[in-house]
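Chemist: Can you keep this structure in mind? I'll have questions shortly.
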Amino acid sequence: MTIDSALADATARLSATDAARLEAELLLAAVVGQTRTYLYTWPERELTAPQQQRYAALVARRAMGEPLAHILGRREFWSLELRVTADTLIPRPETELLVEAALARLPPAGGRVADLGTGSGAIALALARECPACEVVAVERSAGALAVAEENACCNGIANVTFLHGSWYEPLKRGRFAMIVSNPPYICADDPHLKRGDLRFEPLSALSSGADGLDDLRLIIDGAGAHLLPGGWLLLEHGYDQGAAVTALLRAAGFAAVADLPDLQGHGRVAVGQFSAT
């Protein structure tokens, strides 16, 4: 079987998924240990029998709905190559909006930033790379996810991040920060999407948060005042239909300059607020 025919067969099998051809190429590139450019340059090359067998196995896993990131064991986020496992959420493009909003609000001289529920470390590592003057503290209650985040920091050569094991603010003790960021669980417990697509393979504890999906967001907002410096910012990713509820919670907690930033689809996605000690 040639590269070209293998890709054609896999694309047909994955036709029920988005971007089937791209996924077929990424899987085959991983099998042959080459780039996608190689596949286009040498379409007539014959695959070895072991390569064909491994490729068929990977395509079968994807056809069954397993996330591409889990099959490949990695995902790109903010130009970082991140390892992902079943212990972590798969970093998604919309979360880059949170990174952009955070960078726009960081003090010029940097400062201390806390990332609550860091998962794979995507947000913390992106901020640390873009702001070397910042001291980033990444908190995660899952020991498995925390180990992945620490490995990602090492592999990407990022040293200005400290990793703490624990739930939300608990490991921070009395520390105060110029900024707190989080992409917490925010899906309603009975949301049918939890049983569809990639979400079926991701940790439920990192996805769902109570009957209305706001339990963890409430906890983070209520506790932020004890850990933000005066004028510090709190930035929270939330569900596409939760903007009004989250901004109301921020205002009720005394935050100023509250706003809800839209994603590329025009849905509110990142709520921000500035802490005032008065």
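Lettering and numbering for the structure tokens are positional, with chains as A, B, ... in the shown order, residues counted from 1 in each chain, and ligands counted from 1 in the shown order.
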Need to verify the contact set: stretch 11-25 of chain A, 7 Å, only C-alpha atoms, exclusion of same-chain residues closer than 4 positions in sequence. Can you return it as a count of residues only?

Modeler: 4

Chemist: What's the separation between atom CA of A:Arg176 and atom CA of A:Leu261, in Å to one decimal place?

Modeler: 24.9 Å

Chemist: Running DSSP on the backbone, which parts of stretch 45-251 of chain A land in helix (DSSP H, G or I), as a ChimeraX atom specification?

Modeler: /A:49-63,68-72,93-105,122-130,143-155,170-172,192-195,197-201,204-206,215-224,243-251

Chemist: Please provide as a VMD selection string all residues within 8 Å of A:Val136, with the sequence filter that same-chain residues fewer than 6 positions apart are discarded (counting only C-alpha atoms).

Modeler: chain A and resid 112 to 115 124 127 to 128 160 to 162

Chemist: Tell me, in Å to one decimal, how far atom CA of A:Val139 is from atom CA of A:Gly117.

Modeler: 5.5 Å

Chemist: One number please: atom CA of A:Ala253 to atom CA of A:Leu98, in Å, one decimal.

Modeler: 20.7 Å

Chemist: For A:Glu44, find every residue with an atom within 8 Å (counting only C-alpha atoms), except residues of its own chain fewer than 4 positions away, and show them as a compact mmCIF listing (two decimals) with N, CA and C atoms, in the first residue's frame.

Modeler:
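File produced: around-v4.txt:
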# COMPACT_ATOMS: atom_id res chain seq x y z
N THR A 2 0.60 2.18 -0.89
CA THR A 2 1.38 3.41 -0.97
C THR A 2 0.83 4.44 0.03
N ILE A 3 1.63 5.47 0.25
CA ILE A 3 1.19 6.57 1.11
C ILE A 3 -0.10 7.16 0.58
N ASP A 4 -0.15 7.38 -0.72
CA ASP A 4 -1.34 8.01 -1.31
C ASP A 4 -2.59 7.14 -1.13

Chemist: Which residues come within 9 Å of stretch 228-233 of chain A, counting only C-alpha atoms, excluding same-chain residues fewer than 5 positions away, as a CSV table (one decimal) with C-alpha atoms, in the first residue's frame?

Modeler:
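Written output follows (out_15.csv):
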chain,number,residue,atom,x,y,z
A,102,ALA,CA,-4.3,38.2,30.2
A,105,ARG,CA,-3.7,43.3,31.3
A,106,LEU,CA,-0.4,42.2,32.8
A,175,GLY,CA,-0.1,34.6,48.6
A,176,ARG,CA,-1.3,37.5,46.6
A,177,PHE,CA,-1.1,38.0,42.8
A,178,ALA,CA,-1.3,40.6,40.1
A,179,MET,CA,-3.5,38.3,38.2
A,180,ILE,CA,-5.5,35.1,38.6
A,181,VAL,CA,-6.6,33.1,35.5
A,255,PHE,CA,-15.0,43.7,40.8
A,272,VAL,CA,-12.7,39.8,33.3
A,273,GLY,CA,-12.8,41.9,36.3
A,274,GLN,CA,-10.4,44.2,38.3
A,275,PHE,CA,-10.1,43.8,42.0
A,276,SER,CA,-10.4,46.9,44.3
A,277,ALA,CA,-9.4,46.5,48.0
A,278,THR,CA,-11.8,49.3,49.0

Chemist: If you count only C-alpha atoms, which residues fall within 10 Å of A:Leu82, apart from same-chain ones fewer than 4 positions away, as a ChimeraX atom specification?

Modeler: /A:69,73-78,90-91,120-122,125,148-149,151-153,155-156

Chemist: Let's see if you can do this: from backbone DSSP, list all strand (DSSP E) residues in stretch 37-183 of chain A, as number ranges by chain.

Modeler: A: 74-77, 80-83, 112-116, 135-140, 161-165, 177-182
